[in-house]
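Structure data follow from work_17.txt (compact mmCIF, N, CA, C and O atoms):
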# COMPACT_ATOMS: atom_id res chain seq x y z
N MET A 1 -84.40 -14.69 53.03
CA MET A 1 -85.46 -13.88 53.60
C MET A 1 -85.13 -13.45 55.03
O MET A 1 -85.36 -12.32 55.42
N ALA A 2 -84.60 -14.40 55.80
CA ALA A 2 -84.25 -14.08 57.18
C ALA A 2 -83.13 -13.06 57.25
O ALA A 2 -83.11 -12.19 58.12
N LEU A 3 -82.20 -13.17 56.29
CA LEU A 3 -81.11 -12.20 56.25
C LEU A 3 -81.63 -10.81 55.95
O LEU A 3 -81.21 -9.82 56.57
N ASN A 4 -82.56 -10.71 55.02
CA ASN A 4 -83.16 -9.43 54.65
C ASN A 4 -83.90 -8.82 55.84
O ASN A 4 -83.79 -7.62 56.11
N THR A 5 -84.65 -9.63 56.57
CA THR A 5 -85.38 -9.15 57.75
C THR A 5 -84.41 -8.70 58.84
O THR A 5 -84.61 -7.67 59.49
N GLY A 6 -83.33 -9.45 58.99
CA GLY A 6 -82.31 -9.08 59.98
C GLY A 6 -81.64 -7.76 59.64
O GLY A 6 -81.38 -6.93 60.50
N LEU A 7 -81.35 -7.57 58.35
CA LEU A 7 -80.74 -6.31 57.91
C LEU A 7 -81.69 -5.14 58.15
O LEU A 7 -81.28 -4.07 58.59
N ARG A 8 -82.97 -5.33 57.83
CA ARG A 8 -83.94 -4.25 58.04
C ARG A 8 -84.06 -3.90 59.51
O ARG A 8 -84.09 -2.72 59.89
N SER A 9 -84.13 -4.91 60.38
CA SER A 9 -84.27 -4.61 61.81
C SER A 9 -83.00 -3.96 62.34
O SER A 9 -83.05 -3.09 63.21
N GLY A 10 -81.84 -4.37 61.80
CA GLY A 10 -80.58 -3.74 62.21
C GLY A 10 -80.52 -2.28 61.80
O GLY A 10 -80.06 -1.42 62.55
N MET A 11 -81.00 -1.98 60.60
CA MET A 11 -81.01 -0.60 60.13
C MET A 11 -81.98 0.26 60.94
O MET A 11 -81.69 1.41 61.25
N LYS A 12 -83.13 -0.30 61.30
CA LYS A 12 -84.08 0.43 62.13
C LYS A 12 -83.47 0.74 63.50
O LYS A 12 -83.61 1.84 64.02
N LEU A 13 -82.75 -0.25 64.05
CA LEU A 13 -82.12 -0.05 65.35
C LEU A 13 -81.04 1.01 65.26
O LEU A 13 -80.91 1.87 66.14
N LEU A 14 -80.28 0.97 64.17
CA LEU A 14 -79.21 1.94 63.98
C LEU A 14 -79.75 3.35 63.82
O LEU A 14 -79.26 4.30 64.43
N THR A 15 -80.80 3.53 63.01
CA THR A 15 -81.36 4.86 62.81
C THR A 15 -82.04 5.38 64.07
O THR A 15 -81.98 6.57 64.36
N SER A 16 -82.65 4.51 64.85
CA SER A 16 -83.27 4.98 66.09
C SER A 16 -82.21 5.37 67.10
O SER A 16 -82.37 6.35 67.84
N SER A 17 -81.09 4.66 67.15
CA SER A 17 -80.03 5.04 68.09
C SER A 17 -79.36 6.32 67.64
O SER A 17 -78.93 7.12 68.46
N GLU A 18 -79.26 6.56 66.32
CA GLU A 18 -78.70 7.81 65.82
C GLU A 18 -79.57 8.99 66.22
O GLU A 18 -79.06 10.04 66.60
N SER A 19 -80.86 8.84 66.15
CA SER A 19 -81.74 9.95 66.50
C SER A 19 -81.64 10.24 67.99
O SER A 19 -81.70 11.40 68.41
N LEU A 20 -81.47 9.22 68.81
CA LEU A 20 -81.30 9.44 70.25
C LEU A 20 -79.98 10.14 70.54
O LEU A 20 -79.91 11.03 71.38
N LEU A 21 -78.93 9.71 69.83
CA LEU A 21 -77.62 10.32 70.05
C LEU A 21 -77.59 11.76 69.56
O LEU A 21 -77.00 12.62 70.20
N SER A 22 -78.21 12.03 68.42
CA SER A 22 -78.14 13.37 67.87
C SER A 22 -78.88 14.38 68.74
O SER A 22 -78.55 15.55 68.73
N LYS A 23 -79.85 13.94 69.51
CA LYS A 23 -80.55 14.87 70.39
C LYS A 23 -79.71 15.24 71.60
O LYS A 23 -79.82 16.33 72.13
N SER A 24 -78.81 14.32 72.02
CA SER A 24 -78.04 14.58 73.23
C SER A 24 -76.67 15.20 72.95
O SER A 24 -75.97 15.57 73.87
N VAL A 25 -76.29 15.31 71.69
CA VAL A 25 -74.97 15.82 71.36
C VAL A 25 -75.00 17.34 71.28
O VAL A 25 -75.89 17.92 70.67
N ASN A 26 -74.00 17.98 71.89
CA ASN A 26 -73.86 19.43 71.82
C ASN A 26 -72.74 19.73 70.84
O ASN A 26 -71.60 19.36 71.07
N ARG A 27 -73.04 20.40 69.74
CA ARG A 27 -72.05 20.64 68.70
C ARG A 27 -71.44 22.03 68.80
O ARG A 27 -71.32 22.73 67.81
N GLY A 28 -71.04 22.45 69.94
CA GLY A 28 -70.42 23.76 70.08
C GLY A 28 -68.95 23.63 70.43
O GLY A 28 -68.46 22.58 70.82
N PHE A 29 -68.23 24.74 70.28
CA PHE A 29 -66.83 24.77 70.68
C PHE A 29 -66.75 25.03 72.17
O PHE A 29 -67.52 25.80 72.72
N HIS A 30 -65.80 24.39 72.80
CA HIS A 30 -65.56 24.67 74.21
C HIS A 30 -64.07 24.60 74.47
O HIS A 30 -63.32 24.00 73.72
N SER A 31 -63.63 25.24 75.50
CA SER A 31 -62.22 25.21 75.85
C SER A 31 -62.09 25.25 77.37
O SER A 31 -63.00 25.65 78.08
N THR A 32 -60.93 24.83 77.81
CA THR A 32 -60.64 24.89 79.24
C THR A 32 -60.00 26.23 79.55
O THR A 32 -59.56 26.95 78.66
N GLY A 33 -59.88 26.54 80.81
CA GLY A 33 -59.29 27.80 81.21
C GLY A 33 -57.79 27.82 80.96
O GLY A 33 -57.15 26.80 80.77
N VAL A 34 -57.21 29.00 80.98
CA VAL A 34 -55.78 29.16 80.78
C VAL A 34 -55.06 28.72 82.03
O VAL A 34 -55.40 29.13 83.14
N LYS A 35 -54.06 27.87 81.85
CA LYS A 35 -53.29 27.40 82.99
C LYS A 35 -52.14 28.34 83.26
O LYS A 35 -51.51 28.85 82.34
N LYS A 36 -51.84 28.54 84.52
CA LYS A 36 -50.72 29.39 84.90
C LYS A 36 -49.43 28.58 84.79
O LYS A 36 -49.42 27.39 85.02
N MET A 37 -48.34 29.26 84.47
CA MET A 37 -47.05 28.60 84.43
C MET A 37 -46.63 28.27 85.85
O MET A 37 -46.77 29.08 86.74
N GLY A 38 -46.12 27.11 86.06
CA GLY A 38 -45.70 26.71 87.39
C GLY A 38 -44.20 26.56 87.49
O GLY A 38 -43.54 26.05 86.61
N GLY A 39 -43.62 27.03 88.58
CA GLY A 39 -42.23 26.78 88.86
C GLY A 39 -41.25 27.81 88.35
O GLY A 39 -40.18 27.96 88.92
N HIS A 40 -41.54 28.52 87.28
CA HIS A 40 -40.59 29.48 86.76
C HIS A 40 -41.34 30.59 86.04
O HIS A 40 -42.52 30.50 85.79
N ALA A 41 -40.60 31.63 85.71
CA ALA A 41 -41.13 32.77 84.96
C ALA A 41 -42.23 33.50 85.71
O ALA A 41 -43.28 33.80 85.18
N HIS A 42 -41.97 33.80 86.98
CA HIS A 42 -42.98 34.51 87.76
C HIS A 42 -42.57 35.93 88.13
O HIS A 42 -43.26 36.59 88.87
N GLY A 43 -41.47 36.40 87.62
CA GLY A 43 -41.03 37.74 88.00
C GLY A 43 -41.34 38.75 86.93
O GLY A 43 -42.24 38.58 86.12
N ASN A 44 -40.57 39.84 86.94
CA ASN A 44 -40.76 40.87 85.93
C ASN A 44 -40.30 40.41 84.56
O ASN A 44 -40.67 41.00 83.55
N ASP A 45 -39.48 39.36 84.50
CA ASP A 45 -38.95 38.88 83.23
C ASP A 45 -39.77 37.74 82.64
O ASP A 45 -39.31 37.03 81.77
N ALA A 46 -41.02 37.58 83.06
CA ALA A 46 -41.85 36.46 82.60
C ALA A 46 -42.07 36.50 81.09
O ALA A 46 -42.00 35.48 80.43
N GLU A 47 -42.33 37.68 80.54
CA GLU A 47 -42.57 37.75 79.10
C GLU A 47 -41.29 37.51 78.31
O GLU A 47 -41.34 36.97 77.21
N TYR A 48 -40.13 37.87 78.87
CA TYR A 48 -38.88 37.63 78.17
C TYR A 48 -38.48 36.16 78.23
O TYR A 48 -37.78 35.68 77.37
N TYR A 49 -38.92 35.48 79.26
CA TYR A 49 -38.61 34.05 79.35
C TYR A 49 -39.30 33.28 78.23
O TYR A 49 -38.71 32.41 77.63
N LEU A 50 -40.55 33.61 77.94
CA LEU A 50 -41.29 32.89 76.91
C LEU A 50 -40.97 33.38 75.50
O LEU A 50 -40.91 32.61 74.56
N HIS A 51 -40.75 34.67 75.35
CA HIS A 51 -40.55 35.26 74.03
C HIS A 51 -39.30 36.14 74.06
O HIS A 51 -39.39 37.36 74.08
N ALA A 52 -38.14 35.49 74.09
CA ALA A 52 -36.90 36.26 74.12
C ALA A 52 -36.73 37.02 72.81
O ALA A 52 -36.97 36.50 71.73
N LYS A 53 -36.30 38.26 72.91
CA LYS A 53 -36.23 39.13 71.75
C LYS A 53 -35.21 38.64 70.72
O LYS A 53 -35.46 38.66 69.53
N HIS A 54 -34.05 38.19 71.19
CA HIS A 54 -32.98 37.77 70.28
C HIS A 54 -32.72 36.27 70.41
O HIS A 54 -31.59 35.82 70.32
N MET A 55 -33.77 35.51 70.58
CA MET A 55 -33.59 34.08 70.85
C MET A 55 -33.06 33.32 69.64
O MET A 55 -32.24 32.43 69.78
N TYR A 56 -33.52 33.65 68.45
CA TYR A 56 -33.17 32.89 67.26
C TYR A 56 -32.36 33.71 66.26
O TYR A 56 -32.47 33.51 65.06
N ASN A 57 -31.55 34.63 66.73
CA ASN A 57 -30.70 35.41 65.83
C ASN A 57 -29.45 34.59 65.52
O ASN A 57 -28.45 34.64 66.23
N LEU A 58 -29.51 33.81 64.43
CA LEU A 58 -28.38 32.96 64.09
C LEU A 58 -27.19 33.75 63.59
O LEU A 58 -26.06 33.30 63.70
N ASP A 59 -27.43 34.94 63.05
CA ASP A 59 -26.32 35.74 62.54
C ASP A 59 -25.46 36.30 63.67
O ASP A 59 -24.31 36.67 63.44
N ARG A 60 -25.96 36.35 64.89
CA ARG A 60 -25.19 36.86 66.02
C ARG A 60 -24.60 35.73 66.86
O ARG A 60 -24.01 35.98 67.90
N MET A 61 -24.74 34.50 66.42
CA MET A 61 -24.23 33.35 67.16
C MET A 61 -22.70 33.32 67.11
O MET A 61 -22.11 33.59 66.08
N LYS A 62 -22.08 32.98 68.23
CA LYS A 62 -20.63 32.83 68.27
C LYS A 62 -20.27 31.52 67.61
O LYS A 62 -20.95 30.50 67.80
N HIS A 63 -19.19 31.52 66.82
CA HIS A 63 -18.71 30.34 66.11
C HIS A 63 -19.81 29.74 65.23
O HIS A 63 -20.04 28.54 65.21
N GLN A 64 -20.46 30.62 64.47
CA GLN A 64 -21.61 30.20 63.66
C GLN A 64 -21.22 29.17 62.61
O GLN A 64 -21.91 28.16 62.43
N LYS A 65 -20.11 29.39 61.90
CA LYS A 65 -19.72 28.47 60.83
C LYS A 65 -19.44 27.08 61.38
O LYS A 65 -19.85 26.07 60.79
N LEU A 66 -18.74 27.02 62.49
CA LEU A 66 -18.41 25.73 63.08
C LEU A 66 -19.67 25.00 63.56
O LEU A 66 -19.87 23.81 63.28
N LYS A 67 -20.54 25.71 64.26
CA LYS A 67 -21.75 25.09 64.81
C LYS A 67 -22.71 24.65 63.71
O LYS A 67 -23.27 23.55 63.75
N MET A 68 -22.94 25.51 62.72
CA MET A 68 -23.89 25.18 61.67
C MET A 68 -23.37 24.06 60.78
O MET A 68 -24.12 23.16 60.40
N SER A 69 -22.09 24.08 60.45
CA SER A 69 -21.56 23.02 59.61
C SER A 69 -21.55 21.69 60.35
O SER A 69 -21.85 20.64 59.77
N SER A 70 -21.27 21.69 61.65
CA SER A 70 -21.31 20.43 62.40
C SER A 70 -22.75 19.95 62.56
O SER A 70 -23.01 18.74 62.54
N PHE A 71 -23.70 20.86 62.69
CA PHE A 71 -25.10 20.48 62.79
C PHE A 71 -25.58 19.85 61.48
O PHE A 71 -26.23 18.81 61.48
N VAL A 72 -25.23 20.46 60.36
CA VAL A 72 -25.63 19.92 59.06
C VAL A 72 -24.98 18.56 58.83
O VAL A 72 -25.63 17.62 58.35
N PHE A 73 -23.69 18.42 59.17
CA PHE A 73 -23.02 17.14 59.02
C PHE A 73 -23.65 16.07 59.90
O PHE A 73 -23.83 14.93 59.47
N ALA A 74 -24.01 16.42 61.14
CA ALA A 74 -24.64 15.45 62.04
C ALA A 74 -25.99 15.00 61.49
O ALA A 74 -26.31 13.80 61.53
N CYS A 75 -26.78 15.92 60.98
CA CYS A 75 -28.08 15.56 60.40
C CYS A 75 -27.90 14.67 59.19
O CYS A 75 -28.63 13.68 59.02
N PHE A 76 -26.93 14.99 58.34
CA PHE A 76 -26.66 14.18 57.16
C PHE A 76 -26.19 12.78 57.56
O PHE A 76 -26.62 11.77 56.99
N ALA A 77 -25.31 12.71 58.56
CA ALA A 77 -24.79 11.42 59.01
C ALA A 77 -25.90 10.54 59.57
O ALA A 77 -25.96 9.33 59.28
N VAL A 78 -26.79 11.12 60.35
CA VAL A 78 -27.91 10.35 60.90
C VAL A 78 -28.84 9.91 59.77
O VAL A 78 -29.32 8.77 59.75
N GLY A 79 -29.09 10.80 58.81
CA GLY A 79 -29.97 10.48 57.70
C GLY A 79 -29.42 9.37 56.80
O GLY A 79 -30.18 8.67 56.14
N VAL A 80 -28.10 9.20 56.76
CA VAL A 80 -27.50 8.13 55.98
C VAL A 80 -27.35 6.87 56.82
O VAL A 80 -27.64 5.76 56.37
N ALA A 81 -26.92 7.02 58.06
CA ALA A 81 -26.59 5.86 58.90
C ALA A 81 -27.82 5.05 59.30
O ALA A 81 -27.76 3.82 59.34
N VAL A 82 -28.92 5.70 59.61
CA VAL A 82 -30.10 4.98 60.07
C VAL A 82 -30.66 4.05 58.98
O VAL A 82 -30.90 2.87 59.25
N PRO A 83 -30.86 4.50 57.74
CA PRO A 83 -31.35 3.56 56.73
C PRO A 83 -30.36 2.44 56.41
O PRO A 83 -30.75 1.29 56.19
N VAL A 84 -29.05 2.76 56.39
CA VAL A 84 -28.05 1.73 56.13
C VAL A 84 -28.09 0.68 57.23
O VAL A 84 -28.08 -0.53 56.97
N TYR A 85 -28.15 1.11 58.48
CA TYR A 85 -28.24 0.17 59.59
C TYR A 85 -29.52 -0.65 59.51
O TYR A 85 -29.51 -1.85 59.79
N ALA A 86 -30.62 -0.02 59.13
CA ALA A 86 -31.89 -0.74 59.04
C ALA A 86 -31.84 -1.82 57.96
O ALA A 86 -32.33 -2.93 58.17
N VAL A 87 -31.21 -1.53 56.83
CA VAL A 87 -31.10 -2.53 55.77
C VAL A 87 -30.20 -3.68 56.21
O VAL A 87 -30.54 -4.86 56.01
N ILE A 88 -29.07 -3.37 56.80
CA ILE A 88 -28.16 -4.43 57.26
C ILE A 88 -28.84 -5.29 58.32
O ILE A 88 -28.76 -6.52 58.30
N PHE A 89 -29.54 -4.66 59.25
CA PHE A 89 -30.23 -5.40 60.30
C PHE A 89 -31.30 -6.31 59.71
O PHE A 89 -31.44 -7.47 60.10
N GLN A 90 -32.05 -5.79 58.75
CA GLN A 90 -33.12 -6.59 58.13
C GLN A 90 -32.54 -7.77 57.35
O GLN A 90 -33.09 -8.87 57.38
N GLN A 91 -31.41 -7.56 56.66
CA GLN A 91 -30.79 -8.65 55.91
C GLN A 91 -30.25 -9.73 56.84
O GLN A 91 -30.36 -10.92 56.56
N LYS A 92 -29.66 -9.33 57.98
CA LYS A 92 -29.19 -10.30 58.95
C LYS A 92 -30.36 -11.09 59.53
O LYS A 92 -30.27 -12.29 59.73
N LYS A 93 -31.43 -10.40 59.79
CA LYS A 93 -32.62 -11.04 60.38
C LYS A 93 -33.21 -12.05 59.39
O LYS A 93 -33.61 -13.15 59.77
N THR A 94 -33.25 -11.69 58.12
CA THR A 94 -33.81 -12.57 57.10
C THR A 94 -32.89 -13.77 56.86
O THR A 94 -33.36 -14.89 56.69
N ALA A 95 -31.59 -13.56 56.87
CA ALA A 95 -30.63 -14.62 56.60
C ALA A 95 -30.61 -15.65 57.72
O ALA A 95 -30.45 -16.85 57.48
N SER A 96 -30.80 -15.21 58.96
CA SER A 96 -30.74 -16.14 60.09
C SER A 96 -32.05 -16.89 60.28
O SER A 96 -32.10 -17.92 60.93
N GLY A 97 -33.15 -16.39 59.71
CA GLY A 97 -34.47 -16.99 59.96
C GLY A 97 -34.91 -17.97 59.00
O GLY A 97 -34.68 -18.89 58.43

File written out as structure tokens:
Amino acid sequence: MALNTGLRSGMKLLTSSESLLSKSVNRGFHSTGVKKMGGHAHGNDAEYYLHAKHMYNLDRMKHQKLKMSSFVFACFAVGVAVPVYAVIFQQKKTASG
């Protein structure tokens, strides 16, 4: 019986606090002002600094085959080496403990 009374009083307290909170909450969108860039990109070339026209033209990259194949190999090597190292490390940790 005491547990039931305690639960009821707890629920009353919870619902009364919800009604107080819901009256004070503002459910609108808000945003802060736009911040200016500091330290660089303040001249006539400011728009080109942020959005370079040919920034990601991979077909015009010098030594594209060498760079892309070495990048793919490096990603593959990291993707294989990290799990292998993690398994070896975990087995050493388990064996010594």

Exercise for review: Rounded to one decimal place, report the CA of Ala95 (chain A)-atom N of Ala81 (chain A) distance in Å.
Suggested key: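 According to the coordinates, CA of Ala95 (chain A) and atom N of Ala81 (chain A) are separated by 22.0 Å.
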
Review point. CA of Val78 (chain A) and atom C of His63 (chain A), how far apart in Å?
Key: 21.5 Å

Check your understanding: What gap, in Å, lies between atom C of Met68 (chain A) and CA of Tyr56 (chain A)?
Key -> 14.7 Å

Practice item. Would you list, as number ranges by chain, the residues of region 53-97 of chain A that end up in alpha helix (DSSP H) under DSSP run on this structure's backbone? Key: A: 64-96
